[in-house]
Structure formats: C-alpha cells, structure tokens
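input-v6.tsv follows; it contains TSV, C-alpha atoms.
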```
chain	number	residue	atom	x	y	z
A	1	MET	CA	7.26	-10.39	5.12
A	2	LYS	CA	5.69	-10.22	1.68
A	3	ASN	CA	7.56	-11.22	-1.47
A	4	GLU	CA	7.78	-8.93	-4.50
A	5	LEU	CA	4.67	-10.28	-6.16
A	6	GLU	CA	2.66	-9.89	-2.96
A	7	ASN	CA	3.87	-6.30	-2.64
A	8	LEU	CA	2.68	-5.64	-6.19
A	9	VAL	CA	-0.69	-7.28	-5.46
A	10	ALA	CA	-1.07	-5.15	-2.33
A	11	LEU	CA	-0.26	-2.08	-4.44
A	12	GLN	CA	-2.93	-2.95	-7.00
A	13	ASP	CA	-5.46	-3.50	-4.18
A	14	LEU	CA	-4.57	-0.10	-2.77
A	15	ASP	CA	-4.87	1.58	-6.17
A	16	LEU	CA	-8.35	0.10	-6.56
A	17	MET	CA	-9.35	1.42	-3.16
A	18	ILE	CA	-8.15	4.91	-4.06
A	19	LYS	CA	-10.01	4.77	-7.39
A	20	GLU	CA	-13.36	3.76	-5.86
A	21	LEU	CA	-13.22	5.85	-2.71
A	22	LYS	CA	-15.82	8.40	-3.81
A	23	GLU	CA	-18.26	5.78	-5.11
A	24	VAL	CA	-18.07	3.85	-1.84
A	25	GLU	CA	-18.68	7.06	0.10
A	26	GLN	CA	-21.71	7.83	-2.05
A	27	LEU	CA	-23.23	4.49	-1.05
A	28	GLY	CA	-23.33	5.73	2.55
A	29	PHE	CA	-20.08	4.38	3.95
A	30	GLU	CA	-17.93	6.54	6.14
A	31	VAL	CA	-14.76	7.87	4.55
A	32	LYS	CA	-12.78	10.30	6.68
A	33	SER	CA	-11.92	13.63	5.09
A	34	GLU	CA	-8.24	12.70	5.26
A	35	GLY	CA	-8.97	9.21	3.84
A	36	SER	CA	-7.65	9.94	0.38
A	37	GLU	CA	-4.41	11.42	1.77
A	38	THR	CA	-3.99	8.45	4.12
A	39	LEU	CA	-4.19	6.05	1.19
A	40	LYS	CA	-1.82	8.12	-0.94
A	41	LYS	CA	0.68	8.12	1.93
A	42	ALA	CA	0.32	4.35	2.26
A	43	ARG	CA	0.95	4.07	-1.48
A	44	LYS	CA	4.19	6.04	-1.20
A	45	GLU	CA	5.35	3.75	1.58
A	46	MET	CA	4.40	0.69	-0.41
A	47	ILE	CA	6.13	1.65	-3.65
A	48	ALA	CA	9.34	2.22	-1.69
A	49	LYS	CA	9.36	-1.54	-1.04
A	50	ILE	CA	9.16	-2.46	-4.75
A	51	HIS	CA	12.14	-2.56	-7.08
A	52	LYS	CA	12.03	0.30	-9.56
A	53	PRO	CA	12.00	-1.75	-12.79
A	54	LEU	CA	9.08	-3.82	-11.47
A	55	LEU	CA	7.24	-0.74	-10.33
A	56	GLY	CA	7.84	0.89	-13.71
A	57	ASN	CA	6.41	-2.14	-15.46
A	58	TYR	CA	3.37	-2.12	-13.15
A	59	GLU	CA	2.74	1.58	-13.82
A	60	ARG	CA	3.05	1.09	-17.59
A	61	LEU	CA	0.64	-1.85	-17.52
A	62	ARG	CA	-1.79	0.08	-15.34
A	63	LYS	CA	-1.99	2.82	-17.93
A	64	ARG	CA	-2.56	0.33	-20.73
A	65	TYR	CA	-4.99	-2.07	-19.07
A	66	LYS	CA	-7.63	-1.81	-16.34
A	67	ARG	CA	-5.56	-4.18	-14.24
A	68	ALA	CA	-1.86	-4.76	-14.37
A	69	ILE	CA	-1.88	-7.96	-12.34
A	70	VAL	CA	-4.22	-10.76	-13.37
A	71	PRO	CA	-4.86	-14.23	-12.02
A	72	ILE	CA	-4.15	-17.50	-13.78
A	73	LYS	CA	-7.10	-19.84	-14.24
A	74	ASP	CA	-6.95	-23.22	-15.96
A	75	ASP	CA	-3.37	-22.39	-16.96
A	76	LYS	CA	-4.63	-19.29	-18.82
A	77	CYS	CA	-3.87	-15.62	-18.31
A	78	LEU	CA	-7.20	-14.04	-17.33
A	79	GLY	CA	-6.13	-10.81	-18.99
A	80	CYS	CA	-5.83	-12.07	-22.57
A	81	PHE	CA	-6.92	-15.72	-22.07
A	82	MET	CA	-3.78	-17.04	-23.69
A	83	LYS	CA	-2.76	-20.53	-22.55
A	84	LEU	CA	0.48	-20.22	-20.68
A	85	PRO	CA	3.43	-22.46	-21.56
A	86	THR	CA	4.18	-25.21	-19.05
A	87	TYR	CA	7.73	-24.04	-18.40
A	88	LEU	CA	6.43	-20.62	-17.32
A	89	LEU	CA	3.90	-22.14	-14.91
A	90	THR	CA	6.50	-24.47	-13.43
A	91	HIS	CA	8.96	-21.63	-13.03
A	92	MET	CA	6.35	-19.46	-11.36
A	93	LYS	CA	5.19	-22.16	-8.95
A	94	ARG	CA	8.72	-23.10	-8.01
A	95	ASP	CA	10.36	-19.74	-7.60
A	96	GLU	CA	7.42	-17.48	-6.69
A	97	GLN	CA	8.98	-14.92	-9.02
A	98	VAL	CA	7.20	-12.16	-10.84
A	99	ILE	CA	6.23	-13.58	-14.23
A	100	THR	CA	4.52	-11.76	-17.08
A	101	CYS	CA	2.19	-13.16	-19.71
A	102	GLU	CA	3.95	-13.71	-23.02
A	103	GLY	CA	0.80	-12.64	-24.85
A	104	CYS	CA	-0.23	-9.36	-23.19
A	105	GLY	CA	2.62	-8.61	-20.81
A	106	ARG	CA	0.42	-8.44	-17.70
A	107	ILE	CA	1.88	-9.61	-14.39
A	108	LEU	CA	0.53	-13.03	-13.45
A	109	TYR	CA	-0.79	-14.07	-10.07
A	110	TRP	CA	-1.59	-17.60	-8.96
A	111	LEU	CA	-4.85	-17.58	-7.00
A	112	ASN	CA	-4.62	-21.04	-5.47
B	113	MET	CA	-29.98	-5.73	-9.47
B	114	ALA	CA	-32.56	-6.85	-6.89
B	115	ILE	CA	-31.92	-7.55	-3.21
B	116	SER	CA	-32.82	-11.21	-3.82
B	117	ASP	CA	-29.91	-11.42	-6.27
B	118	LEU	CA	-27.59	-11.05	-3.29
B	119	ILE	CA	-28.22	-14.68	-2.33
B	120	SER	CA	-25.83	-15.98	-4.97
B	121	PHE	CA	-22.90	-14.27	-3.23
B	122	PHE	CA	-23.46	-15.93	0.15
B	123	ARG	CA	-22.33	-19.45	1.00
B	124	GLU	CA	-23.46	-21.79	3.74
B	125	ASP	CA	-19.85	-22.38	4.82
B	126	LEU	CA	-19.48	-18.64	5.33
B	127	PHE	CA	-22.67	-18.27	7.37
B	128	PHE	CA	-22.17	-17.99	11.12
B	129	SER	CA	-25.20	-17.49	13.33
B	130	ASP	CA	-23.24	-17.75	16.57
B	131	PHE	CA	-20.02	-15.94	15.80
B	132	LYS	CA	-17.76	-14.90	18.65
B	133	ALA	CA	-15.13	-12.19	18.59
B	134	LYS	CA	-14.01	-9.69	21.19
B	135	THR	CA	-12.78	-6.88	18.96
B	136	LYS	CA	-13.20	-5.58	15.42
B	137	ALA	CA	-9.66	-6.65	14.53
B	138	ALA	CA	-10.29	-10.15	15.88
B	139	ALA	CA	-13.59	-10.43	13.98
B	140	LEU	CA	-11.97	-9.38	10.71
B	141	ASN	CA	-9.06	-11.74	11.28
B	142	GLN	CA	-11.30	-14.70	12.12
B	143	LEU	CA	-13.61	-14.10	9.17
B	144	THR	CA	-10.66	-13.75	6.79
B	145	GLU	CA	-9.43	-17.08	8.12
B	146	LYS	CA	-12.83	-18.57	7.26
B	147	PHE	CA	-12.35	-17.43	3.65
B	148	VAL	CA	-9.06	-19.30	3.64
B	149	ASP	CA	-10.67	-22.38	5.23
B	150	ALA	CA	-13.40	-22.29	2.58
B	151	GLY	CA	-10.72	-22.33	-0.09
B	152	ILE	CA	-11.75	-18.96	-1.51
B	153	VAL	CA	-8.53	-17.11	-0.79
B	154	LYS	CA	-5.04	-18.46	-0.41
B	155	ASN	CA	-3.23	-15.43	0.90
B	156	LYS	CA	-4.80	-14.33	4.18
B	157	GLU	CA	-2.21	-11.61	4.75
B	158	LEU	CA	-3.13	-9.69	1.59
B	159	VAL	CA	-6.85	-9.77	2.38
B	160	ALA	CA	-6.31	-8.79	6.02
B	161	GLU	CA	-4.09	-5.90	4.96
B	162	MET	CA	-6.70	-4.62	2.53
B	163	LEU	CA	-9.49	-4.82	5.15
B	164	GLN	CA	-7.41	-3.08	7.83
B	165	ARG	CA	-6.52	-0.34	5.38
B	166	ARG	CA	-10.18	0.16	4.54
B	167	GLU	CA	-11.04	0.52	8.22
B	168	SER	CA	-8.22	3.03	8.67
B	169	ILE	CA	-9.91	5.54	6.37
B	170	GLY	CA	-13.36	5.24	7.95
B	171	SER	CA	-15.31	2.65	9.86
B	172	THR	CA	-17.46	0.20	7.91
B	173	GLY	CA	-19.89	0.15	10.82
B	174	ILE	CA	-22.97	1.62	9.15
B	175	GLY	CA	-24.96	1.95	12.36
B	176	LYS	CA	-27.92	0.08	13.92
B	177	GLY	CA	-25.56	-2.72	15.02
B	178	ILE	CA	-24.32	-3.56	11.51
B	179	ALA	CA	-20.90	-3.58	9.86
B	180	VAL	CA	-20.19	-4.14	6.18
B	181	PRO	CA	-16.41	-4.46	5.88
B	182	HIS	CA	-15.52	-4.63	2.21
B	183	GLY	CA	-12.84	-4.39	-0.41
B	184	ARG	CA	-11.41	-5.59	-3.63
B	185	THR	CA	-8.33	-7.74	-3.67
B	186	THR	CA	-6.34	-9.42	-6.40
B	187	ALA	CA	-6.19	-12.40	-4.03
B	188	ALA	CA	-9.95	-13.10	-4.43
B	189	PRO	CA	-11.30	-15.11	-7.37
B	190	ASN	CA	-15.00	-14.26	-6.95
B	191	LEU	CA	-17.26	-11.78	-5.22
B	192	THR	CA	-18.20	-13.50	-1.96
B	193	ILE	CA	-20.00	-12.36	1.19
B	194	ALA	CA	-19.67	-13.86	4.64
B	195	PHE	CA	-22.39	-13.34	7.25
B	196	ALA	CA	-21.71	-13.39	10.98
B	197	LYS	CA	-24.17	-12.82	13.82
B	198	MET	CA	-22.88	-12.19	17.30
B	199	GLY	CA	-24.80	-12.43	20.55
B	200	SER	CA	-22.48	-9.97	22.23
B	201	GLY	CA	-21.96	-6.82	20.24
B	202	ILE	CA	-18.46	-5.45	19.66
B	203	ASP	CA	-17.19	-1.93	19.21
B	204	TRP	CA	-16.72	-1.11	15.51
B	205	ASP	CA	-16.27	2.64	15.81
B	206	SER	CA	-19.62	2.86	14.01
B	207	MET	CA	-21.30	6.03	12.80
B	208	ASP	CA	-23.90	5.87	15.61
B	209	GLY	CA	-21.51	4.48	18.24
B	210	ASN	CA	-23.59	1.33	18.74
B	211	PRO	CA	-21.90	-2.06	19.11
B	212	VAL	CA	-22.04	-4.34	16.07
B	213	HIS	CA	-24.01	-7.60	16.12
B	214	LEU	CA	-24.21	-8.35	12.39
B	215	ILE	CA	-21.24	-8.46	10.02
B	216	PHE	CA	-21.43	-8.74	6.25
B	217	LEU	CA	-17.89	-9.17	4.94
B	218	VAL	CA	-17.71	-8.47	1.21
B	219	ILE	CA	-14.59	-9.51	-0.68
B	220	ALA	CA	-14.34	-9.00	-4.42
B	221	PRO	CA	-11.72	-9.42	-7.13
B	222	PRO	CA	-10.35	-6.29	-8.87
B	223	PHE	CA	-12.74	-6.60	-11.79
B	224	GLU	CA	-15.59	-9.03	-12.17
B	225	GLU	CA	-17.28	-9.85	-15.43
B	226	ASN	CA	-20.47	-7.97	-14.59
B	227	ASN	CA	-18.87	-5.37	-12.33
B	228	LEU	CA	-21.26	-6.07	-9.47
B	229	TYR	CA	-19.13	-5.02	-6.50
B	230	LEU	CA	-20.56	-1.52	-6.03
B	231	PRO	CA	-24.16	-2.55	-6.87
B	232	VAL	CA	-23.86	-5.39	-4.33
B	233	LEU	CA	-22.67	-2.97	-1.64
B	234	GLY	CA	-25.57	-0.67	-2.53
B	235	ARG	CA	-28.17	-3.44	-2.32
B	236	LEU	CA	-26.74	-4.59	1.01
B	237	VAL	CA	-27.05	-1.08	2.45
B	238	GLU	CA	-30.62	-0.98	1.11
B	239	LEU	CA	-31.45	-4.36	2.65
B	240	LEU	CA	-30.04	-3.32	6.01
B	241	SER	CA	-31.69	0.08	6.11
B	242	ASN	CA	-35.02	-1.72	6.54
B	243	GLU	CA	-35.85	-2.22	10.24
B	244	SER	CA	-37.90	-5.36	9.64
B	245	ASN	CA	-34.98	-6.98	7.75
B	246	ARG	CA	-32.59	-6.05	10.55
B	247	ASN	CA	-34.88	-7.52	13.20
B	248	GLN	CA	-35.22	-10.76	11.27
B	249	LEU	CA	-31.50	-11.01	10.61
B	250	ASN	CA	-30.83	-10.54	14.31
B	251	GLU	CA	-32.95	-13.64	14.97
B	252	VAL	CA	-31.72	-15.82	12.13
B	253	SER	CA	-30.34	-19.22	13.08
B	254	SER	CA	-29.97	-21.14	9.81
B	255	PHE	CA	-28.78	-20.46	6.28
B	256	GLU	CA	-32.24	-21.41	4.97
B	257	GLU	CA	-33.89	-18.77	7.14
B	258	PHE	CA	-31.29	-16.31	6.02
B	259	THR	CA	-31.94	-16.84	2.32
B	260	GLU	CA	-35.69	-16.56	2.97
B	261	ILE	CA	-35.18	-13.09	4.43
B	262	LEU	CA	-33.30	-12.07	1.32
B	263	THR	CA	-36.02	-13.32	-1.00
B	264	GLN	CA	-38.92	-11.60	0.76
```
Reformat the file's structure so that it appears as structure tokens.
Amino acid sequence: MKNELENLVALQDLDLMIKELKEVEQLGFEVKSEGSETLKKARKEMIAKIHKPLLGNYERLRKRYKRAIVPIKDDKCLGCFMKLPTYLLTHMKRDEQVITCEGCGRILYWLN
Amino acid sequence: MAISDLISFFREDLFFSDFKAKTKAAALNQLTEKFVDAGIVKNKELVAEMLQRRESIGSTGIGKGIAVPHGRTTAAPNLTIAFAKMGSGIDWDSMDGNPVHLIFLVIAPPFEENNLYLPVLGRLVELLSNESNRNQLNEVSSFEEFTEILTQ
C-alpha cells in the first residue's frame, strides 16, 4: 500500500499522462478512443485516497507551477533550487511525511 | 534532434540482447526491476503503476515486432531507455497483432531541462520505422553493435 506522498506522486504522473495524451497519439502510438475517460476515471479513484487538505495543496501548486511535486537533489529543492535545512531533510527521511519547500512551497520528493 | 542523439539515453547495464519474458506484464515488471537494480529508480511500484496505466489506454506495441512502452514519472531522475531483445516473441496486443521481439522502455521525469521526452519518442518511432534498422536490431548482440546502428 502506498503512503500519502506516493499517492501524490502517482497522481502527478497520471496528470502528466492526461496532459500529453494527444501528443503521444500524434507520434503514432495507439490511444483508445476511451483512453482519456479511462484516465480521468482513474484520477477520480486516486484522489479519493488522498486527504483533502493535501489534495487542495497539490491542486493549488499545480496551477501555480508546472509541477507540484519536485525531487530533492544535493539537498536542494529542484523547483526553486533553495538549499533545504537539515532538520527538514532529517524529518522527511525519518517519517516519510509530506514535506514542502520553505522557499517555493512545492511538495518535495526524495528520489534515492 | 537526430537519431544518433538517442545514444546518450541508453546504458550498457540496461541493454539486454537475450531477454526472456513470457508475457507483456512480466516483461514490463522485469525491466522495471532492472531500472531499480541500475539505481535509476527507487520506487518500482510507482513506475510499474504508470506503465500499466499507459498500456491500459492503448498498447505500446507499434507493430513489426516492436514495443515502446513509455511514460513520465516523478520517481525518475533522468530520461533513460532500456533495450531488450527476445528470441521468442510475446503478445503485446500490438497494432498489427504480431508478437514483440524488441522492447524499448522509455522512462522520463516529469520535466527535463531540454524537454526531450516527446522528441525522443518521435526519433525512436522514426528509427524503428526503417526496415533495415529493424533487421539489424533483431540481430544485435552487443551494446557496441547497438550504438553503431544508431549512429549510421
């Protein structure tokens, strides 16, 4: 079972798929006529698994930025490139909780 | 972007000239595992979910024995392509109904610096629409040979 952050990541992945569906089809890949509806239905099911305040934050961030969830690299937020404070990184590693960047507010994701 | 530029997205540790899988699901699962083994992705479940979802809206089997499963995932740090060649073809629910022998698995992050995901998919389709390239790829046995085909 996925944790909250993983559910959010899966939601962002799904939103990207919905966004690029037409472009992928134009490249010659098969996309069923009901493909878009299938993905929208999957999205509805997915958002039901996410707590409303978190989902609200994700939706707000998605409107503001191209991506609401960004990875951390070299202890930096890859959205705004601000160096993240040690306590935040420790907290995130330990508790696997949803943490946002203090600089830009994006949701942070640890890649490895 | 030229076809030869595709080389930079392949890796020797994700090149399999004698790949074995019995079904599409097994092939996707095994290749996703290889991405984990190579240290490219940490969370196999997220990648597998994304790939299965992509297949659910239309097969990535583009015909002529080739499949190009693909997708963006927040769990991927870089755009990376795995190549797998199978002696025994597997059903991929392809456009032409033929079994798949060659798999190009493309995994990309949500946004890359140069936004190359769609151009890469386009160049791959172009590369694979050429019969001579397909024939050579079906015979390839080393990563060196593979990169030579891409630079021709």
Report as a tab-separated table the residues of stretch 27-84 of chain A within 8 Å of stretch 102-110 of chain A, each with its shortest atom pair and distance in Å (one decimal), using only C-alpha atoms, ordered by chain and increasing residue number.
```
residue	atom	partner	partner_atom	distance
A:Tyr58	CA	A:Ile107	CA	7.7
A:Leu61	CA	A:Arg106	CA	6.6
A:Ala68	CA	A:Arg106	CA	5.5
A:Ile69	CA	A:Ile107	CA	4.6
A:Val70	CA	A:Leu108	CA	5.3
A:Pro71	CA	A:Tyr109	CA	4.5
A:Ile72	CA	A:Trp110	CA	5.5
A:Lys73	CA	A:Trp110	CA	8.0
A:Cys77	CA	A:Leu108	CA	7.0
A:Gly79	CA	A:Arg106	CA	7.1
A:Cys80	CA	A:Cys104	CA	6.3
A:Met82	CA	A:Gly103	CA	6.5
A:Leu84	CA	A:Glu102	CA	7.7
```
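Around stretch 210-218 of chain B, within 6 Å and counting all atoms listed in the file, the residues found are Gly177, Ile178, Ala179, Val180, Pro181, His182, Thr192, Ile193, Ala194, Phe195, Ala196, Lys197, Met198, Gly201, Ile202 and Asp203 of chain B, once anything fewer than 3 positions away on its own chain is removed.
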Give me, as a list in words, all polymer residues having an atom no more than 7 Å from stretch 24-39 of chain A, counting only C-alpha atoms and skipping those fewer than 3 positions away in the same chain. Ile18, Glu20, Leu21, Ala42 and Arg43 of chain A; Ile169, Gly170, Ser171, Thr172, Ile174 and Gly234 of chain B
Take the residues just selected and output them with C-alpha atoms as a tab-separated table (two decimals), in the coordinates of the input.
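Generated output (selection-v8.tsv):
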```tsv
chain	number	residue	atom	x	y	z
A	18	ILE	CA	-8.15	4.91	-4.06
A	20	GLU	CA	-13.36	3.76	-5.86
A	21	LEU	CA	-13.22	5.85	-2.71
A	42	ALA	CA	0.32	4.35	2.26
A	43	ARG	CA	0.95	4.07	-1.48
B	169	ILE	CA	-9.91	5.54	6.37
B	170	GLY	CA	-13.36	5.24	7.95
B	171	SER	CA	-15.31	2.65	9.86
B	172	THR	CA	-17.46	0.20	7.91
B	174	ILE	CA	-22.97	1.62	9.15
B	234	GLY	CA	-25.57	-0.67	-2.53
```
Considering all atoms listed in the file, state which residue in the set A:Lys40, A:Lys83, A:His51, A:Arg60 is at the smallest distance from chain B.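 Among the listed residues, A:Lys40 lies closest to chain B.
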Expressed in Å to a single decimal, how great is the separation between atom CA of B:Met113 and atom CA of B:Thr259? 16.3 Å
Using all atoms listed in the file, find the residues of chain B whose closest atom to chain A is at most 10 Å away, then write them as a PyMOL selection string. chain B and resi 151-155+157-159+161-162+165-174+179-189+206-207+221-223+230-231+233-238
At what distance in Å, to one decimal, does atom CA of B:Val232 lie from atom CA of B:Leu118? 6.9 Å
Atom pair atom CA of B:Asp130 / atom CA of B:Ala114: separation (Å):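 Atom-to-atom, atom CA of B:Asp130 to atom CA of B:Ala114, that is 27.5 Å.
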Axis-aligned box over every listed atom of stretch 10-13 of chain A, padded by 8 Å per side: centre and edges in Å to one decimal, as lines of an AutoDock Vina configuration file?
```
center_x = -2.9
center_y = -3.6
center_z = -4.7
size_x = 21.2
size_y = 19.1
size_z = 20.7
```
Calculated over only C-alpha atoms, which of the candidates B:Ile119, B:Leu262, B:Ala133, B:Leu126 has the smallest distance to B:Trp204?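 Among the listed residues, the smallest separation from B:Trp204 belongs to B:Ala133.
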Considering only C-alpha atoms, state which residue in the set B:Glu256, B:Asp205, B:Glu224, B:Glu124 is at the smallest distance from B:Phe147.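 Residue with the minimum atom-to-atom distance to B:Phe147: B:Glu124.
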Quick one: stretch 84-108 of chain A from the block, N, CA and C atoms, as an mmCIF file, in the first residue's frame.
```cif
data_model
loop_
_atom_site.group_PDB
_atom_site.id
_atom_site.type_symbol
_atom_site.label_atom_id
_atom_site.label_comp_id
_atom_site.auth_asym_id
_atom_site.auth_seq_id
_atom_site.Cartn_x
_atom_site.Cartn_y
_atom_site.Cartn_z
ATOM 1 N N LEU A 84 17.879 23.065 1.317
ATOM 2 C CA LEU A 84 16.890 22.747 2.345
ATOM 3 C C LEU A 84 17.552 22.601 3.706
ATOM 4 N N PRO A 85 16.912 23.093 4.758
ATOM 5 C CA PRO A 85 17.518 22.981 6.089
ATOM 6 C C PRO A 85 17.634 21.526 6.526
ATOM 7 N N THR A 86 18.668 21.236 7.268
ATOM 8 C CA THR A 86 18.970 19.859 7.688
ATOM 9 C C THR A 86 17.801 19.231 8.446
ATOM 10 N N TYR A 87 17.177 20.022 9.331
ATOM 11 C CA TYR A 87 16.103 19.435 10.141
ATOM 12 C C TYR A 87 14.959 18.925 9.264
ATOM 13 N N LEU A 88 14.715 19.632 8.149
ATOM 14 C CA LEU A 88 13.627 19.251 7.243
ATOM 15 C C LEU A 88 13.958 17.926 6.542
ATOM 16 N N LEU A 89 15.215 17.829 6.108
ATOM 17 C CA LEU A 89 15.665 16.610 5.418
ATOM 18 C C LEU A 89 15.625 15.409 6.360
ATOM 19 N N THR A 90 16.061 15.621 7.583
ATOM 20 C CA THR A 90 16.067 14.542 8.572
ATOM 21 C C THR A 90 14.638 14.094 8.854
ATOM 22 N N HIS A 91 13.784 15.056 9.032
ATOM 23 C CA HIS A 91 12.375 14.789 9.320
ATOM 24 C C HIS A 91 11.734 13.999 8.173
ATOM 25 N N MET A 92 12.061 14.402 6.973
ATOM 26 C CA MET A 92 11.478 13.768 5.793
ATOM 27 C C MET A 92 11.957 12.328 5.638
ATOM 28 N N LYS A 93 13.265 12.141 5.841
ATOM 29 C CA LYS A 93 13.844 10.797 5.714
ATOM 30 C C LYS A 93 13.272 9.860 6.767
ATOM 31 N N ARG A 94 13.128 10.413 7.984
ATOM 32 C CA ARG A 94 12.722 9.571 9.101
ATOM 33 C C ARG A 94 11.236 9.198 9.031
ATOM 34 N N ASP A 95 10.422 10.174 8.767
ATOM 35 C CA ASP A 95 8.982 9.957 8.885
ATOM 36 C C ASP A 95 8.246 9.696 7.577
ATOM 37 N N GLU A 96 8.953 9.878 6.452
ATOM 38 C CA GLU A 96 8.326 9.704 5.136
ATOM 39 C C GLU A 96 7.029 10.513 5.041
ATOM 40 N N GLN A 97 7.054 11.697 5.666
ATOM 41 C CA GLN A 97 5.865 12.549 5.615
ATOM 42 C C GLN A 97 5.937 13.483 4.418
ATOM 43 N N VAL A 98 4.795 14.073 4.123
ATOM 44 C CA VAL A 98 4.765 15.034 3.024
ATOM 45 C C VAL A 98 5.337 16.353 3.536
ATOM 46 N N ILE A 99 6.434 16.777 2.911
ATOM 47 C CA ILE A 99 7.134 17.992 3.326
ATOM 48 C C ILE A 99 7.138 18.967 2.154
ATOM 49 N N THR A 100 6.969 20.240 2.447
ATOM 50 C CA THR A 100 7.011 21.241 1.371
ATOM 51 C C THR A 100 8.256 22.115 1.527
ATOM 52 N N CYS A 101 8.699 22.640 0.389
ATOM 53 C CA CYS A 101 9.877 23.505 0.378
ATOM 54 C C CYS A 101 9.518 24.825 1.067
ATOM 55 N N GLU A 102 10.421 25.283 1.921
ATOM 56 C CA GLU A 102 10.152 26.539 2.631
ATOM 57 C C GLU A 102 10.290 27.745 1.704
ATOM 58 N N GLY A 103 10.967 27.535 0.576
ATOM 59 C CA GLY A 103 11.161 28.645 -0.360
ATOM 60 C C GLY A 103 9.984 28.827 -1.305
ATOM 61 N N CYS A 104 9.574 27.734 -1.977
ATOM 62 C CA CYS A 104 8.550 27.862 -3.029
ATOM 63 C C CYS A 104 7.235 27.172 -2.679
ATOM 64 N N GLY A 105 7.256 26.345 -1.664
ATOM 65 C CA GLY A 105 6.028 25.681 -1.234
ATOM 66 C C GLY A 105 5.738 24.366 -1.945
ATOM 67 N N ARG A 106 6.584 24.022 -2.950
ATOM 68 C CA ARG A 106 6.337 22.763 -3.671
ATOM 69 C C ARG A 106 6.518 21.566 -2.736
ATOM 70 N N ILE A 107 5.826 20.478 -3.083
ATOM 71 C CA ILE A 107 5.938 19.233 -2.315
ATOM 72 C C ILE A 107 7.246 18.552 -2.722
ATOM 73 N N LEU A 108 7.975 18.073 -1.744
ATOM 74 C CA LEU A 108 9.307 17.510 -2.013
ATOM 75 C C LEU A 108 9.273 15.983 -2.065
#
```
